[in-house]
file entry_39.csv (CSV, C-alpha atoms)
chain,number,residue,atom,x,y,z
A,1,MET,CA,66.5,81.1,120.9
A,2,ILE,CA,65.6,77.4,121.2
A,3,LYS,CA,62.8,77.9,123.6
A,4,VAL,CA,61.2,80.8,121.7
A,5,GLY,CA,61.6,78.9,118.4
A,6,LEU,CA,59.9,75.9,120.0
A,7,ILE,CA,57.0,77.9,121.4
A,8,LEU,CA,56.3,79.7,118.1
A,9,GLY,CA,57.0,76.6,116.0
A,10,ILE,CA,54.5,74.4,117.8
A,11,ALA,CA,51.9,77.2,118.5
A,12,GLY,CA,51.8,78.1,114.8
A,13,ALA,CA,52.7,74.9,113.1
A,14,CYS,CA,55.6,76.8,111.6
A,15,ARG,CA,58.0,75.4,109.0
A,16,THR,CA,61.7,76.1,109.5
A,17,ASP,CA,61.9,78.7,106.8
A,18,GLU,CA,58.8,80.5,108.2
A,19,LEU,CA,60.6,80.8,111.6
A,20,VAL,CA,63.8,81.9,110.0
A,21,ASN,CA,62.0,84.7,108.1
A,22,LEU,CA,60.0,86.0,111.0
A,23,THR,CA,60.6,89.6,111.8
A,24,VAL,CA,60.0,91.7,114.9
A,25,ASP,CA,57.3,93.5,112.9
A,26,ASP,CA,55.4,90.2,112.4
A,27,ILE,CA,54.7,89.8,116.1
A,28,GLU,CA,52.4,92.1,118.1
A,29,ASP,CA,52.5,91.9,121.9
A,30,VAL,CA,49.0,92.8,123.1
A,31,GLY,CA,49.7,92.1,126.8
A,32,SER,CA,47.7,88.9,127.3
A,33,SER,CA,48.9,87.2,124.2
A,34,LEU,CA,51.1,87.5,121.1
A,35,ILE,CA,49.6,87.9,117.6
A,36,VAL,CA,51.9,86.4,115.1
A,37,LYS,CA,51.7,86.9,111.3
A,38,ILE,CA,53.3,84.5,108.8
A,39,PRO,CA,53.1,86.6,105.6
A,40,ASN,CA,55.2,84.3,103.4
A,41,THR,CA,54.3,80.6,103.4
A,42,LYS,CA,55.0,77.6,101.3
A,43,THR,CA,51.4,77.5,100.2
A,44,LYS,CA,51.3,81.2,99.5
A,45,ILE,CA,48.5,81.6,102.0
A,46,PRO,CA,49.4,84.1,104.9
A,47,ARG,CA,48.5,82.8,108.3
A,48,ILE,CA,47.9,84.4,111.7
A,49,PHE,CA,48.2,82.5,115.0
A,50,VAL,CA,48.1,83.5,118.7
A,51,VAL,CA,50.4,82.6,121.6
A,52,THR,CA,48.4,82.9,124.9
A,53,ASP,CA,49.8,83.4,128.3
A,54,VAL,CA,50.3,79.8,129.2
A,55,GLY,CA,53.1,79.0,131.7
A,56,ASN,CA,55.9,81.5,131.2
A,57,MET,CA,55.7,81.5,127.4
A,58,LEU,CA,55.2,85.3,127.0
A,59,GLU,CA,57.8,86.0,129.6
A,60,LEU,CA,60.4,83.9,127.7
A,61,PHE,CA,59.5,85.7,124.5
A,62,ARG,CA,59.8,89.2,126.1
A,63,LYS,CA,63.1,88.3,127.7
A,64,TYR,CA,64.5,87.1,124.4
A,65,LEU,CA,63.4,90.2,122.7
A,66,SER,CA,64.9,92.4,125.4
A,67,LEU,CA,68.3,90.9,124.7
A,68,ARG,CA,68.2,92.2,121.1
A,69,PRO,CA,71.2,94.6,120.5
A,70,PRO,CA,70.1,98.1,119.7
A,71,HIS,CA,72.5,98.4,116.7
A,72,VAL,CA,71.0,95.5,114.7
A,73,LYS,CA,70.1,96.9,111.3
A,74,HIS,CA,67.8,94.1,110.1
A,75,LYS,CA,64.5,93.0,111.5
A,76,ARG,CA,64.9,89.3,111.6
A,77,LEU,CA,63.5,88.0,114.9
A,78,PHE,CA,65.9,85.1,115.6
A,79,LEU,CA,69.6,86.0,116.4
A,80,TYR,CA,72.5,83.9,117.4
A,81,TYR,CA,73.0,83.9,121.2
A,82,LYS,CA,76.7,83.6,122.1
A,83,ALA,CA,78.8,84.2,125.2
A,84,GLY,CA,75.8,85.3,127.2
A,85,LYS,CA,74.4,87.8,124.8
A,86,CYS,CA,72.7,88.1,121.4
A,87,SER,CA,74.8,88.9,118.3
A,88,SER,CA,73.5,90.8,115.3
A,89,GLN,CA,73.8,87.7,113.1
A,90,PRO,CA,70.5,86.2,112.1
A,91,VAL,CA,69.8,82.5,112.7
A,92,GLY,CA,69.9,80.4,109.5
A,93,LYS,CA,67.7,77.6,108.3
A,94,ASN,CA,70.1,74.8,109.3
A,95,THR,CA,70.4,76.0,112.9
A,96,MET,CA,66.6,76.5,113.2
A,97,GLY,CA,66.0,73.1,111.8
A,98,LYS,CA,68.1,71.5,114.5
A,99,ILE,CA,65.8,72.7,117.3
A,100,PRO,CA,63.8,69.5,117.5
A,101,SER,CA,67.0,67.3,117.6
A,102,VAL,CA,68.4,69.5,120.4
A,103,VAL,CA,65.2,69.0,122.4
A,104,ALA,CA,65.2,65.3,121.7
A,105,SER,CA,68.8,65.1,122.9
A,106,TYR,CA,67.9,67.0,126.1
A,107,LEU,CA,65.1,64.5,126.7
A,108,LYS,CA,67.5,61.6,126.0
A,109,LEU,CA,65.3,60.3,123.2
A,110,PRO,CA,66.7,57.7,120.8
A,111,ASP,CA,67.6,58.5,117.2
A,112,VAL,CA,67.9,62.3,117.8
A,113,ALA,CA,68.9,62.8,114.2
A,114,CYS,CA,65.4,61.8,113.1
A,115,TYR,CA,64.0,64.9,114.8
A,116,THR,CA,64.1,67.5,112.0
A,117,GLY,CA,62.4,70.9,111.6
A,118,HIS,CA,59.3,69.1,110.2
A,119,CYS,CA,58.6,67.9,113.8
A,120,LEU,CA,57.3,71.4,114.8
A,121,PRO,CA,54.3,71.6,112.4
A,122,ARG,CA,53.8,67.8,112.9
A,123,SER,CA,53.7,68.2,116.7
A,124,SER,CA,51.3,71.1,116.4
A,125,ALA,CA,48.9,69.1,114.2
A,126,THR,CA,49.2,66.0,116.3
A,127,LEU,CA,48.3,67.9,119.5
A,128,LEU,CA,45.2,69.3,117.7
A,129,ALA,CA,44.2,65.9,116.4
A,130,ASP,CA,44.6,64.4,119.9
A,131,ALA,CA,42.3,67.2,121.2
A,132,GLY,CA,39.6,66.1,118.8
A,133,VAL,CA,39.9,69.1,116.4
A,134,ASP,CA,38.4,68.6,113.0
A,135,ILE,CA,40.3,68.2,109.8
A,136,THR,CA,39.3,71.6,108.4
A,137,THR,CA,40.6,73.4,111.5
A,138,ILE,CA,43.9,71.5,111.3
A,139,LYS,CA,44.3,72.4,107.6
A,140,ARG,CA,43.6,76.0,108.3
A,141,HIS,CA,46.0,76.2,111.3
A,142,ALA,CA,48.9,74.6,109.5
A,143,GLY,CA,48.2,76.3,106.1
A,144,TRP,CA,47.8,73.0,104.3
A,145,LYS,CA,45.9,72.6,101.1
A,146,SER,CA,45.8,68.8,101.2
A,147,THR,CA,43.1,67.1,103.1
A,148,THR,CA,45.1,63.9,102.9
A,149,VAL,CA,47.9,65.3,105.0
A,150,ALA,CA,45.5,66.4,107.8
A,151,GLU,CA,43.7,63.1,107.7
A,152,GLY,CA,47.0,61.3,108.4
A,153,TYR,CA,47.3,63.2,111.7
A,154,VAL,CA,43.8,62.4,112.7
A,155,GLU,CA,44.2,58.7,111.8
A,156,ASN,CA,47.5,58.5,113.7
A,157,SER,CA,46.1,60.3,116.8
A,158,ILE,CA,46.5,58.2,119.9
A,159,GLU,CA,43.3,59.7,121.4
A,160,ASN,CA,41.5,58.8,118.2
A,161,LYS,CA,42.8,55.2,118.3
A,162,ALA,CA,41.8,54.8,121.9
A,163,GLU,CA,38.3,56.0,121.0
A,164,ILE,CA,38.1,53.4,118.3
A,165,ALA,CA,39.5,50.7,120.6
A,166,ASN,CA,36.7,51.4,123.1
A,167,GLN,CA,34.1,51.3,120.4
A,168,VAL,CA,35.4,47.9,119.1
A,169,LEU,CA,36.3,46.1,122.3
A,170,VAL,CA,33.8,47.6,124.8
A,171,GLY,CA,31.1,49.0,122.7
A,172,THR,CA,31.3,52.4,124.4
A,173,THR,CA,32.6,55.8,123.4
A,174,THR,CA,34.6,58.2,125.5
A,175,SER,CA,33.7,61.2,123.4
A,176,ALA,CA,31.8,64.0,125.2
A,177,ILE,CA,28.4,64.8,123.7
A,178,THR,CA,27.2,68.4,124.3
A,179,LYS,CA,23.5,69.1,123.8
A,180,THR,CA,21.5,72.2,124.7
A,181,VAL,CA,18.0,71.5,126.0
A,182,ASN,CA,15.4,74.1,126.8
A,183,VAL,CA,13.8,73.0,130.1
A,184,SER,CA,10.5,74.4,131.4
A,185,GLU,CA,9.2,74.2,134.9
A,186,SER,CA,6.4,71.9,133.7
A,187,ASN,CA,8.7,69.0,132.9
A,188,ILE,CA,11.1,69.2,135.8
A,189,PRO,CA,10.7,66.4,138.4
A,190,SER,CA,9.3,67.6,141.7
A,191,ASN,CA,12.3,66.3,143.6
A,192,ILE,CA,14.7,68.6,141.6
A,193,ASN,CA,14.9,72.2,142.5
A,194,PHE,CA,16.5,75.1,140.5
A,195,GLU,CA,17.0,78.5,142.0
A,196,ASN,CA,18.8,81.5,140.3
A,197,CYS,CA,20.7,79.3,137.9
A,198,THR,CA,22.3,80.4,134.6
A,199,ASN,CA,24.3,78.3,132.1
A,200,VAL,CA,23.8,75.0,134.0
A,201,THR,CA,25.9,72.1,132.7
A,202,PHE,CA,24.9,68.5,133.2
A,203,ASN,CA,27.4,65.7,132.5
A,204,LEU,CA,25.8,62.4,131.6
A,205,ASN,CA,27.7,59.1,131.2
A,206,VAL,CA,25.8,56.9,128.7
A,207,ASN,CA,26.8,53.4,127.9
A,208,LYS,CA,25.5,52.0,124.7

call {"tool": "encode", "arguments": {"input": "entry_39.csv", "output": "structure tokens"}}
result
Amino acid sequence: MIKVGLILGIAGACRTDELVNLTVDDIEDVGSSLIVKIPNTKTKIPRIFVVTDVGNMLELFRKYLSLRPPHVKHKRLFLYYKAGKCSSQPVGKNTMGKIPSVVASYLKLPDVACYTGHCLPRSSATLLADAGVDITTIKRHAGWKSTTVAEGYVENSIENKAEIANQVLVGTTTSAITKTVNVSESNIPSNINFENCTNVTFNLNVNK
């Protein structure tokens, strides 16, 4: 339960109550990925996110789902796992909210009590910010209405701070610049040859 909750929580920036209320009908297994629907959110804006086949994430989800007892009358996804098998009792908000602290304890991190259910959407947003994703995408992914909240993650991004440090201290940038240029044979130097090439990518390192 913890692993699946962690996967869905970070992949979809899910709040604790969103995970608790997930049903088996909200997740569609299309083979190469999972399509997850969050119909009831805090902001009243339904969300959809995808879990791709990275590592053994899909395998873990399918294994967890296969342990579901056939006699369970409700459709809540997360069930208590006891004595080597799943019970029919659905997981509550308090148990779901302790997933980050359980993970922090396993990793031997200090102050494990500080790792609450809010860590899941926060971690998701931070990973996106570190990857250079824009504020609009982060807001849409997490279902936030406030730009201020999303801006906080971008400002606190380690990758973003490293970028700023390079610009201030060295005068260079580590950001990749992608530009499409249409090149004709007339302006290609004679010592460069192209034969049967499609979608060619040139990587240039430019120091300002």

call {"tool": "atom_distance", "arguments": {"input": "entry_39.csv", "atom1": "CA of Ile48 in chain A", "atom2": "CA of Glu18 in chain A"}}
result
12.1 Å

call {"tool": "atom_distance", "arguments": {"input": "entry_39.csv", "atom1": "CA of Val112 in chain A", "atom2": "CA of Cys86 in chain A"}}
result
26.5 Å

call {"tool": "closest_residue", "arguments": {"input": "entry_39.csv", "among": "A:Val36, A:Ile10, A:Val24, A:Val4", "to": "Asn56 in chain A", "atoms": "only C-alpha atoms"}}
result
A:Val4

call {"tool": "closest_residue", "arguments": {"input": "entry_39.csv", "among": "A:His141, A:Lys3, A:Arg76, A:Ile45", "to": "Ile27 in chain A", "atoms": "only C-alpha atoms"}}
result
A:Arg76

call {"tool": "atom_distance", "arguments": {"input": "entry_39.csv", "atom1": "CA of Asn40 in chain A", "atom2": "CA of Glu59 in chain A"}}
result
26.4 Å

call {"tool": "residues_around", "arguments": {"input": "entry_39.csv", "residues": "Asp25 in chain A", "least_positions_apart": "4", "cutoff": "9 Å", "atoms": "all atoms listed in the file", "output": "list of chain:residue names"}}
result
A:Lys37, A:Lys75, A:Arg76, A:Leu77

call {"tool": "closest_residue", "arguments": {"input": "entry_39.csv", "among": "A:Asn156, A:Ser101, A:Ser87, A:Ser66", "to": "Gly117 in chain A", "atoms": "only C-alpha atoms"}}
result
A:Ser101

call {"tool": "closest_residue", "arguments": {"input": "entry_39.csv", "among": "A:Thr116, A:Ile158, A:Phe61, A:Lys73", "to": "Asn94 in chain A", "atoms": "all atoms listed in the file"}}
result
A:Thr116

call {"tool": "closest_residue", "arguments": {"input": "entry_39.csv", "among": "A:Pro69, A:Thr16, A:Val103, A:Thr126", "to": "Gln89 in chain A", "atoms": "only C-alpha atoms"}}
result
A:Pro69

call {"tool": "closest_residue", "arguments": {"input": "entry_39.csv", "among": "A:His74, A:Tyr115, A:Gly12, A:Leu34", "to": "Ile138 in chain A", "atoms": "all atoms listed in the file"}}
result
A:Gly12

call {"tool": "residues_around", "arguments": {"input": "entry_39.csv", "residues": "range 78-83 of chain A", "least_positions_apart": "2", "cutoff": "8 Å", "atoms": "all atoms listed in the file", "output": "count of residues only"}}
result
14
